[in-house]
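> For reference, this is entry-v8.txt, and it has compact mmCIF, N, CA and C atoms and all ligand atoms.
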# COMPACT_ATOMS: atom_id res chain seq x y z
N MET K 917 -163.57 -77.14 104.92
CA MET K 917 -163.93 -78.51 104.46
C MET K 917 -163.89 -78.57 102.92
N PRO K 918 -163.13 -79.50 102.36
CA PRO K 918 -163.14 -79.62 100.89
C PRO K 918 -164.49 -80.12 100.39
N LEU K 919 -164.81 -79.76 99.16
CA LEU K 919 -166.05 -80.23 98.55
C LEU K 919 -165.97 -81.75 98.35
N PRO K 920 -167.01 -82.52 98.81
CA PRO K 920 -166.98 -83.98 98.62
C PRO K 920 -166.93 -84.34 97.13
N GLU K 921 -166.27 -85.47 96.83
CA GLU K 921 -166.06 -85.85 95.42
C GLU K 921 -167.36 -86.01 94.65
N ASN K 922 -168.40 -86.58 95.30
CA ASN K 922 -169.65 -86.81 94.55
C ASN K 922 -170.47 -85.54 94.33
N GLU K 923 -169.97 -84.40 94.82
CA GLU K 923 -170.66 -83.14 94.54
C GLU K 923 -170.03 -82.37 93.39
N VAL K 924 -168.95 -82.93 92.82
CA VAL K 924 -168.29 -82.23 91.71
C VAL K 924 -169.15 -82.30 90.45
N PHE K 925 -169.64 -83.51 90.10
CA PHE K 925 -170.44 -83.62 88.88
C PHE K 925 -171.69 -82.73 88.90
N PRO K 926 -172.46 -82.74 90.01
CA PRO K 926 -173.64 -81.86 90.02
C PRO K 926 -173.29 -80.39 89.78
N LEU K 927 -172.07 -79.98 90.14
CA LEU K 927 -171.70 -78.57 89.96
C LEU K 927 -171.20 -78.25 88.55
N ILE K 928 -170.38 -79.15 87.96
CA ILE K 928 -169.77 -78.77 86.67
C ILE K 928 -170.35 -79.53 85.49
N GLY K 929 -171.05 -80.67 85.76
CA GLY K 929 -171.80 -81.38 84.72
C GLY K 929 -170.94 -82.02 83.63
N GLU K 930 -171.64 -82.63 82.67
CA GLU K 930 -170.97 -83.27 81.52
C GLU K 930 -170.06 -82.26 80.83
N ALA K 931 -170.57 -81.03 80.66
CA ALA K 931 -169.81 -80.04 79.90
C ALA K 931 -168.49 -79.70 80.59
N GLY K 932 -168.51 -79.61 81.92
CA GLY K 932 -167.29 -79.30 82.66
C GLY K 932 -166.22 -80.36 82.42
N PHE K 933 -166.62 -81.63 82.51
CA PHE K 933 -165.64 -82.71 82.31
C PHE K 933 -165.20 -82.79 80.86
N GLU K 934 -166.16 -82.55 79.95
CA GLU K 934 -165.81 -82.60 78.53
C GLU K 934 -164.75 -81.55 78.21
N HIS K 935 -164.96 -80.33 78.69
CA HIS K 935 -163.99 -79.26 78.40
C HIS K 935 -162.65 -79.52 79.07
N LEU K 936 -162.70 -80.02 80.32
CA LEU K 936 -161.46 -80.28 81.06
C LEU K 936 -160.60 -81.32 80.33
N VAL K 937 -161.24 -82.45 79.97
CA VAL K 937 -160.48 -83.55 79.38
C VAL K 937 -160.04 -83.18 77.96
N ALA K 938 -160.85 -82.40 77.25
CA ALA K 938 -160.43 -81.94 75.91
C ALA K 938 -159.21 -81.04 76.03
N ALA K 939 -159.21 -80.15 77.03
CA ALA K 939 -158.07 -79.24 77.21
C ALA K 939 -156.81 -80.01 77.60
N PHE K 940 -156.99 -81.09 78.37
CA PHE K 940 -155.86 -81.95 78.74
C PHE K 940 -155.31 -82.66 77.49
N TYR K 941 -156.19 -83.32 76.74
CA TYR K 941 -155.73 -84.12 75.60
C TYR K 941 -155.18 -83.28 74.45
N ARG K 942 -155.61 -82.04 74.35
CA ARG K 942 -155.09 -81.17 73.31
C ARG K 942 -153.57 -81.01 73.45
N GLN K 943 -153.05 -81.16 74.66
CA GLN K 943 -151.62 -80.97 74.88
C GLN K 943 -150.80 -82.26 74.69
N ILE K 944 -151.51 -83.40 74.65
CA ILE K 944 -150.79 -84.68 74.66
C ILE K 944 -149.99 -84.97 73.38
N PRO K 945 -150.60 -84.83 72.17
CA PRO K 945 -149.88 -85.28 70.98
C PRO K 945 -148.51 -84.63 70.81
N THR K 946 -148.34 -83.39 71.24
CA THR K 946 -147.07 -82.70 71.05
C THR K 946 -146.19 -82.76 72.29
N ASP K 947 -146.61 -83.48 73.32
CA ASP K 947 -145.79 -83.55 74.54
C ASP K 947 -144.67 -84.59 74.35
N ASP K 948 -143.41 -84.15 74.53
CA ASP K 948 -142.29 -85.07 74.25
C ASP K 948 -142.28 -86.29 75.17
N LEU K 949 -142.71 -86.13 76.42
CA LEU K 949 -142.66 -87.23 77.38
C LEU K 949 -143.88 -88.15 77.28
N LEU K 950 -145.07 -87.55 77.22
CA LEU K 950 -146.30 -88.34 77.29
C LEU K 950 -146.86 -88.72 75.92
N GLY K 951 -146.67 -87.85 74.93
CA GLY K 951 -147.23 -88.10 73.60
C GLY K 951 -146.98 -89.51 73.11
N PRO K 952 -145.72 -89.98 73.16
CA PRO K 952 -145.40 -91.31 72.61
C PRO K 952 -146.09 -92.47 73.32
N LEU K 953 -146.62 -92.24 74.54
CA LEU K 953 -147.24 -93.34 75.27
C LEU K 953 -148.67 -93.62 74.82
N TYR K 954 -149.31 -92.61 74.23
CA TYR K 954 -150.74 -92.75 73.92
C TYR K 954 -150.95 -93.33 72.53
N PRO K 955 -152.08 -94.04 72.32
CA PRO K 955 -152.32 -94.68 71.01
C PRO K 955 -152.58 -93.62 69.95
N PRO K 956 -151.65 -93.45 68.97
CA PRO K 956 -151.75 -92.34 68.03
C PRO K 956 -153.02 -92.39 67.20
N SER K 957 -153.55 -93.60 66.95
CA SER K 957 -154.73 -93.70 66.10
C SER K 957 -156.01 -93.60 66.93
N ASP K 958 -155.89 -93.45 68.23
CA ASP K 958 -157.10 -93.47 69.06
C ASP K 958 -157.06 -92.44 70.19
N PHE K 959 -156.61 -91.23 69.88
CA PHE K 959 -156.64 -90.17 70.90
C PHE K 959 -158.07 -89.91 71.34
N ALA K 960 -159.01 -89.98 70.39
CA ALA K 960 -160.41 -89.70 70.73
C ALA K 960 -160.93 -90.75 71.71
N GLY K 961 -160.53 -92.02 71.49
CA GLY K 961 -160.96 -93.09 72.40
C GLY K 961 -160.37 -92.89 73.78
N ALA K 962 -159.08 -92.52 73.83
CA ALA K 962 -158.42 -92.30 75.12
C ALA K 962 -159.11 -91.15 75.85
N GLU K 963 -159.46 -90.12 75.10
CA GLU K 963 -160.14 -88.95 75.70
C GLU K 963 -161.48 -89.36 76.30
N LYS K 964 -162.22 -90.17 75.56
CA LYS K 964 -163.52 -90.62 76.06
C LYS K 964 -163.36 -91.48 77.31
N ARG K 965 -162.36 -92.37 77.34
CA ARG K 965 -162.18 -93.25 78.50
C ARG K 965 -161.88 -92.43 79.76
N LEU K 966 -161.00 -91.44 79.65
CA LEU K 966 -160.69 -90.62 80.82
C LEU K 966 -161.91 -89.79 81.23
N ARG K 967 -162.60 -89.22 80.24
CA ARG K 967 -163.79 -88.39 80.54
C ARG K 967 -164.86 -89.22 81.27
N ASP K 968 -165.18 -90.40 80.72
CA ASP K 968 -166.23 -91.22 81.33
C ASP K 968 -165.82 -91.71 82.72
N PHE K 969 -164.52 -92.03 82.88
CA PHE K 969 -164.05 -92.45 84.21
C PHE K 969 -164.27 -91.33 85.22
N LEU K 970 -163.86 -90.11 84.87
CA LEU K 970 -163.97 -88.99 85.82
C LEU K 970 -165.42 -88.67 86.13
N ILE K 971 -166.28 -88.73 85.11
CA ILE K 971 -167.71 -88.45 85.33
C ILE K 971 -168.28 -89.45 86.34
N TYR K 972 -167.92 -90.73 86.15
CA TYR K 972 -168.38 -91.77 87.08
C TYR K 972 -167.80 -91.54 88.48
N ARG K 973 -166.50 -91.25 88.55
CA ARG K 973 -165.79 -91.14 89.83
C ARG K 973 -166.29 -89.96 90.66
N PHE K 974 -166.77 -88.90 89.96
CA PHE K 974 -167.15 -87.68 90.68
C PHE K 974 -168.65 -87.45 90.75
N GLY K 975 -169.42 -88.57 90.72
CA GLY K 975 -170.84 -88.47 91.04
C GLY K 975 -171.78 -88.39 89.86
N GLY K 976 -171.29 -88.66 88.64
CA GLY K 976 -172.17 -88.63 87.46
C GLY K 976 -172.54 -90.03 87.01
N PRO K 977 -173.13 -90.15 85.80
CA PRO K 977 -173.55 -91.44 85.26
C PRO K 977 -172.36 -92.41 85.13
N ASP K 978 -172.66 -93.74 85.29
CA ASP K 978 -171.56 -94.71 85.34
C ASP K 978 -171.34 -95.44 84.01
N ARG K 979 -171.38 -94.67 82.90
CA ARG K 979 -171.07 -95.26 81.58
C ARG K 979 -169.74 -96.00 81.59
N TYR K 980 -168.75 -95.42 82.28
CA TYR K 980 -167.42 -96.04 82.27
C TYR K 980 -167.50 -97.50 82.73
N LEU K 981 -168.24 -97.74 83.85
CA LEU K 981 -168.33 -99.09 84.40
C LEU K 981 -168.96 -100.05 83.40
N HIS K 982 -170.00 -99.58 82.69
CA HIS K 982 -170.68 -100.45 81.74
C HIS K 982 -169.79 -100.78 80.56
N GLU K 983 -169.01 -99.80 80.12
CA GLU K 983 -168.22 -100.01 78.90
C GLU K 983 -166.86 -100.63 79.19
N ARG K 984 -166.26 -100.33 80.35
CA ARG K 984 -164.89 -100.77 80.62
C ARG K 984 -164.77 -101.69 81.83
N GLY K 985 -165.81 -101.78 82.65
CA GLY K 985 -165.71 -102.58 83.87
C GLY K 985 -164.98 -101.81 84.97
N SER K 986 -164.54 -102.56 86.02
CA SER K 986 -163.84 -101.91 87.13
C SER K 986 -162.62 -101.16 86.64
N PRO K 987 -162.36 -99.98 87.20
CA PRO K 987 -161.25 -99.17 86.67
C PRO K 987 -159.86 -99.84 86.79
N HIS K 988 -159.55 -100.48 87.95
CA HIS K 988 -158.22 -101.10 88.12
C HIS K 988 -157.13 -100.25 87.52
N LEU K 989 -157.05 -98.99 87.94
CA LEU K 989 -156.16 -98.05 87.24
C LEU K 989 -154.70 -98.47 87.27
N ARG K 990 -154.23 -99.03 88.37
CA ARG K 990 -152.81 -99.40 88.40
C ARG K 990 -152.52 -100.51 87.40
N MET K 991 -153.43 -101.47 87.35
CA MET K 991 -153.26 -102.56 86.40
C MET K 991 -153.31 -102.05 84.95
N ARG K 992 -154.27 -101.15 84.68
CA ARG K 992 -154.41 -100.65 83.31
C ARG K 992 -153.24 -99.76 82.89
N HIS K 993 -152.52 -99.22 83.86
CA HIS K 993 -151.36 -98.39 83.52
C HIS K 993 -150.05 -99.18 83.50
N ALA K 994 -150.13 -100.45 83.90
CA ALA K 994 -148.90 -101.25 83.97
C ALA K 994 -148.12 -101.29 82.65
N PRO K 995 -148.81 -101.30 81.48
CA PRO K 995 -148.03 -101.35 80.23
C PRO K 995 -147.23 -100.08 79.95
N PHE K 996 -147.53 -98.98 80.65
CA PHE K 996 -146.85 -97.71 80.36
C PHE K 996 -145.84 -97.41 81.45
N ALA K 997 -144.63 -97.02 81.06
CA ALA K 997 -143.62 -96.65 82.05
C ALA K 997 -144.00 -95.31 82.65
N ILE K 998 -144.26 -95.29 83.96
CA ILE K 998 -144.62 -94.04 84.63
C ILE K 998 -143.64 -93.77 85.78
N PRO K 999 -142.49 -93.13 85.47
CA PRO K 999 -141.61 -92.66 86.54
C PRO K 999 -142.14 -91.34 87.08
N GLN K 1000 -141.49 -90.85 88.15
CA GLN K 1000 -141.92 -89.57 88.75
C GLN K 1000 -142.06 -88.46 87.69
N ALA K 1001 -141.12 -88.40 86.74
CA ALA K 1001 -141.14 -87.30 85.76
C ALA K 1001 -142.40 -87.36 84.89
N ALA K 1002 -142.85 -88.57 84.54
CA ALA K 1002 -144.07 -88.70 83.73
C ALA K 1002 -145.29 -88.30 84.56
N ARG K 1003 -145.27 -88.71 85.82
CA ARG K 1003 -146.36 -88.34 86.74
C ARG K 1003 -146.43 -86.83 86.87
N ASP K 1004 -145.27 -86.18 87.04
CA ASP K 1004 -145.26 -84.72 87.22
C ASP K 1004 -145.73 -84.01 85.94
N ARG K 1005 -145.33 -84.55 84.77
CA ARG K 1005 -145.76 -83.92 83.52
C ARG K 1005 -147.27 -84.05 83.35
N TRP K 1006 -147.80 -85.24 83.67
CA TRP K 1006 -149.26 -85.47 83.58
C TRP K 1006 -149.99 -84.44 84.44
N MET K 1007 -149.48 -84.22 85.67
CA MET K 1007 -150.09 -83.23 86.57
C MET K 1007 -149.99 -81.83 86.00
N LEU K 1008 -148.83 -81.51 85.40
CA LEU K 1008 -148.65 -80.18 84.83
C LEU K 1008 -149.70 -79.93 83.74
N LEU K 1009 -149.88 -80.93 82.85
CA LEU K 1009 -150.86 -80.75 81.76
C LEU K 1009 -152.28 -80.66 82.32
N MET K 1010 -152.56 -81.43 83.37
CA MET K 1010 -153.90 -81.38 83.96
C MET K 1010 -154.12 -80.04 84.69
N ASN K 1011 -153.09 -79.54 85.36
CA ASN K 1011 -153.23 -78.22 86.00
C ASN K 1011 -153.43 -77.13 84.96
N ASN K 1012 -152.70 -77.22 83.82
CA ASN K 1012 -152.94 -76.28 82.72
C ASN K 1012 -154.41 -76.33 82.29
N ALA K 1013 -154.93 -77.56 82.15
CA ALA K 1013 -156.31 -77.74 81.68
C ALA K 1013 -157.29 -77.15 82.70
N LEU K 1014 -157.04 -77.39 84.00
CA LEU K 1014 -157.94 -76.85 85.04
C LEU K 1014 -157.97 -75.33 84.97
N GLU K 1015 -156.83 -74.72 84.70
CA GLU K 1015 -156.80 -73.25 84.60
C GLU K 1015 -157.48 -72.77 83.35
N GLU K 1016 -157.21 -73.46 82.23
CA GLU K 1016 -157.76 -73.03 80.95
C GLU K 1016 -159.29 -73.02 80.96
N VAL K 1017 -159.91 -74.05 81.55
CA VAL K 1017 -161.37 -74.14 81.46
C VAL K 1017 -162.08 -73.43 82.61
N ARG K 1018 -161.31 -72.85 83.53
CA ARG K 1018 -161.88 -72.04 84.60
C ARG K 1018 -162.97 -72.77 85.38
N ILE K 1019 -162.64 -73.96 85.84
CA ILE K 1019 -163.53 -74.69 86.75
C ILE K 1019 -163.56 -73.90 88.05
N PRO K 1020 -164.74 -73.72 88.65
CA PRO K 1020 -164.80 -72.95 89.90
C PRO K 1020 -163.87 -73.51 90.98
N LEU K 1021 -163.44 -72.64 91.87
CA LEU K 1021 -162.41 -72.94 92.86
C LEU K 1021 -162.63 -74.23 93.65
N GLU K 1022 -163.84 -74.39 94.18
CA GLU K 1022 -164.07 -75.54 95.08
C GLU K 1022 -164.00 -76.89 94.36
N PRO K 1023 -164.77 -77.07 93.26
CA PRO K 1023 -164.61 -78.35 92.55
C PRO K 1023 -163.20 -78.52 91.98
N ALA K 1024 -162.55 -77.44 91.57
CA ALA K 1024 -161.18 -77.54 91.03
C ALA K 1024 -160.23 -78.08 92.10
N ALA K 1025 -160.41 -77.63 93.36
CA ALA K 1025 -159.52 -78.08 94.43
C ALA K 1025 -159.74 -79.57 94.71
N THR K 1026 -161.00 -80.01 94.69
CA THR K 1026 -161.29 -81.44 94.92
C THR K 1026 -160.70 -82.29 93.80
N LEU K 1027 -160.85 -81.83 92.55
CA LEU K 1027 -160.29 -82.56 91.42
C LEU K 1027 -158.77 -82.61 91.53
N ARG K 1028 -158.14 -81.48 91.86
CA ARG K 1028 -156.67 -81.43 91.92
C ARG K 1028 -156.14 -82.38 93.00
N ASN K 1029 -156.80 -82.42 94.16
CA ASN K 1029 -156.39 -83.35 95.22
C ASN K 1029 -156.44 -84.80 94.73
N PHE K 1030 -157.55 -85.13 94.08
CA PHE K 1030 -157.68 -86.49 93.56
C PHE K 1030 -156.57 -86.78 92.54
N PHE K 1031 -156.36 -85.88 91.60
CA PHE K 1031 -155.35 -86.12 90.55
C PHE K 1031 -153.95 -86.29 91.16
N GLU K 1032 -153.61 -85.43 92.14
CA GLU K 1032 -152.28 -85.53 92.77
C GLU K 1032 -152.08 -86.93 93.36
N ASP K 1033 -153.08 -87.40 94.13
CA ASP K 1033 -152.95 -88.71 94.79
C ASP K 1033 -152.96 -89.85 93.78
N ALA K 1034 -153.91 -89.80 92.82
CA ALA K 1034 -154.03 -90.90 91.87
C ALA K 1034 -152.79 -90.98 90.99
N ALA K 1035 -152.25 -89.84 90.58
CA ALA K 1035 -151.08 -89.86 89.70
C ALA K 1035 -149.87 -90.42 90.45
N THR K 1036 -149.74 -90.09 91.74
CA THR K 1036 -148.64 -90.65 92.54
C THR K 1036 -148.79 -92.16 92.68
N PHE K 1037 -150.03 -92.60 92.90
CA PHE K 1037 -150.34 -94.02 93.05
C PHE K 1037 -150.00 -94.81 91.78
N LEU K 1038 -149.99 -94.10 90.62
CA LEU K 1038 -149.75 -94.79 89.35
C LEU K 1038 -148.27 -94.86 88.97
N ILE K 1039 -147.39 -94.24 89.78
CA ILE K 1039 -145.95 -94.36 89.49
C ILE K 1039 -145.57 -95.84 89.58
N ASN K 1040 -144.95 -96.34 88.52
CA ASN K 1040 -144.63 -97.78 88.51
C ASN K 1040 -143.19 -98.06 88.06
N ARG K 1041 -142.35 -97.01 88.00
CA ARG K 1041 -140.93 -97.19 87.66
C ARG K 1041 -140.10 -96.22 88.49
N ARG K 1042 -138.84 -96.62 88.82
CA ARG K 1042 -137.90 -95.69 89.44
C ARG K 1042 -137.37 -94.74 88.40
N GLY K 1043 -136.79 -93.63 88.91
CA GLY K 1043 -136.02 -92.76 88.01
C GLY K 1043 -136.79 -91.60 87.50
C1 LIG V 1101 -154.70 -88.96 88.16
C2 LIG V 1101 -154.03 -89.62 87.32
C3 LIG V 1101 -154.59 -90.49 86.23
C4 LIG V 1101 -155.86 -90.93 86.00
C5 LIG V 1101 -157.12 -90.66 86.80
C6 LIG V 1101 -155.81 -91.72 84.78
C7 LIG V 1101 -156.89 -92.35 84.21
C8 LIG V 1101 -156.85 -93.12 83.08
C9 LIG V 1101 -157.96 -93.87 82.54
C10 LIG V 1101 -159.35 -93.93 83.14
C11 LIG V 1101 -157.52 -94.51 81.43
C12 LIG V 1101 -158.34 -95.43 80.55
C13 LIG V 1101 -158.32 -96.83 81.13
C14 LIG V 1101 -159.17 -97.77 80.33
O1 LIG V 1101 -160.40 -97.78 80.52
O2 LIG V 1101 -158.61 -98.49 79.49
C15 LIG V 1101 -156.13 -94.15 81.24
C16 LIG V 1101 -155.35 -94.56 80.20
C17 LIG V 1101 -154.06 -94.15 80.03
N1 LIG V 1101 -153.29 -93.41 80.89
FE1 LIG V 1101 -153.90 -92.61 82.60
N2 LIG V 1101 -154.53 -91.76 84.33
C18 LIG V 1101 -153.76 -91.02 85.19
C19 LIG V 1101 -152.42 -90.82 85.12
C20 LIG V 1101 -151.64 -91.18 84.09
C21 LIG V 1101 -150.24 -90.90 84.04
C22 LIG V 1101 -149.40 -90.21 85.13
C23 LIG V 1101 -149.82 -91.36 82.86
C24 LIG V 1101 -148.40 -91.20 82.47
C25 LIG V 1101 -147.85 -91.52 81.47
C26 LIG V 1101 -150.96 -91.97 82.15
C27 LIG V 1101 -150.98 -92.57 80.91
C28 LIG V 1101 -152.04 -93.24 80.34
C29 LIG V 1101 -152.00 -93.89 79.04
C30 LIG V 1101 -150.82 -93.92 78.09
C31 LIG V 1101 -153.26 -94.46 78.85
C32 LIG V 1101 -153.73 -95.26 77.62
C33 LIG V 1101 -154.64 -94.45 76.80
C34 LIG V 1101 -155.90 -95.20 76.49
O3 LIG V 1101 -155.87 -95.98 75.54
O4 LIG V 1101 -156.88 -95.03 77.20
N3 LIG V 1101 -152.06 -91.85 82.95
N4 LIG V 1101 -155.75 -93.32 82.27
Will you turn the file into C-alpha cells for me?
Ligand code: HEM


Amino acid sequence: MPLPENEVFPLIGEAGFEHLVAAFYRQIPTDDLLGPLYPPSDFAGAEKRLRDFLIYRFGGPDRYLHERGSPHLRMRHAPFAIPQAARDRWMLLMNNALEEVRIPLEPAATLRNFFEDAATFLINRRG
C-alpha cells in the first residue's frame, strides 16, 4: 500500500519540502528547456509558490490557498508551452531533487507518483 498523500507532510515537514523545492529550483536557471519559461526576476517567488502548494497538497498548512486561492494548475500553466519534452525535463529535475535531498523511500514514492501524474496532466502542446 502506498503512503497516503496527507501523511507525507507529517513525515518530512516544512524542512523536507523546503530542501526538495530548493534542490529543484537550483537546476532551473541553467536548464536550456525550462529556464527561459520562469520569471528571471522572481525565482524566489516561484520557489515559494511551488513549496507552499506542495505543503498544502500533502497534508500541511494551507498558506498556498490563502495567498493564491484555488490551485487551478492547468489554467495557471496555460501561458507556458508544455510539450512532452518539457514535462519529461521537469520530472528529471524533480527526480534529481528527490535523490539529492534523500527523502525517505515511502514519502518519496508517494511524491513521485503525484508528480508523474500532475506533470502529464499539465501537457498542453503537441510535439
Ligand atoms: C507535477 C508537476 C507540476 C506541479 C505540481 C507544478 C506546480 C506549480 C505551481 C503550484 C506553480 C505556481 C502557481 C501559482 O500559484 O501561480 C507553478 C508555476 C509554474 N510552473 Fe509548474 N508545476 C508542475 C509542472 C510544470 C511543468 C511540467 C512545467 C514545464 C515547463 C512548469 C512550469 C511552470 C512555470 C514556468 C511556472 C511559473 C512560475 C511562477 O511564477 O510561479 N510546471 N507550477

> With distances taken over only C-alpha atoms, which residue among K:Gly951, K:Phe974, K:Leu981, K:Pro995 lies nearest Phe1030 (chain K)?

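Answer, going by the shortest atom-to-atom distance: K:Phe974.
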
> Nearest to Ala938 (chain K): which of K:Glu963, K:Ala994, K:Phe1031, K:Gly976 is it, counting all atoms listed in the file?

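Among K:Glu963, K:Ala994, K:Phe1031, K:Gly976, it is K:Glu963 that comes nearest to Ala938 (chain K).
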
> May I ask which of the residues K:Ala962, K:Ile971, K:Leu1021, K:Ala939 is the closest one to ligand LIG 1101 (chain V), counting all atoms listed in the file?

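Of the candidates, the smallest distance to ligand LIG 1101 (chain V) is held by K:Ala962.
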
> Collect all residues with atoms no farther than 6 Å from ligand LIG 1101 (chain V), counting only C-alpha atoms and all ligand atoms, and output them as a PyMOL selection string.

chain K and resi 950+953-955+962+965-966+969+984+992-993+996+998+1002-1003+1006+1031+1034-1035

> With a distance cut-off of 10 Å and only C-alpha atoms, select the neighbouring residues of Arg1018 (chain K), excluding the residue or stretch itself and same-chain residues fewer than 6 positions from it, and output the selection as a PDB file with N, CA and C atoms, keeping the file's coordinate frame.


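This went into part07.pdb:
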ATOM      1  N   GLY K 932    -168.510 -79.610  81.920  1.00  0.00           N
ATOM      2  CA  GLY K 932    -167.290 -79.300  82.660  1.00  0.00           C
ATOM      3  C   GLY K 932    -166.220 -80.360  82.420  1.00  0.00           C
ATOM      4  N   HIS K 935    -164.960 -80.330  78.690  1.00  0.00           N
ATOM      5  CA  HIS K 935    -163.990 -79.260  78.400  1.00  0.00           C
ATOM      6  C   HIS K 935    -162.650 -79.520  79.070  1.00  0.00           C
ATOM      7  N   LEU K 936    -162.700 -80.020  80.320  1.00  0.00           N
ATOM      8  CA  LEU K 936    -161.460 -80.280  81.060  1.00  0.00           C
ATOM      9  C   LEU K 936    -160.600 -81.320  80.330  1.00  0.00           C
ATOM     10  N   ALA K1024    -162.550 -77.440  91.570  1.00  0.00           N
ATOM     11  CA  ALA K1024    -161.180 -77.540  91.030  1.00  0.00           C
ATOM     12  C   ALA K1024    -160.230 -78.080  92.100  1.00  0.00           C
TER      13      ALA K1024
END

> Report, in Å with one decimal, the straight-line distance from CA of Pro920 (chain K) to CA of Asn1029 (chain K).

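The value is 11.1 Å.
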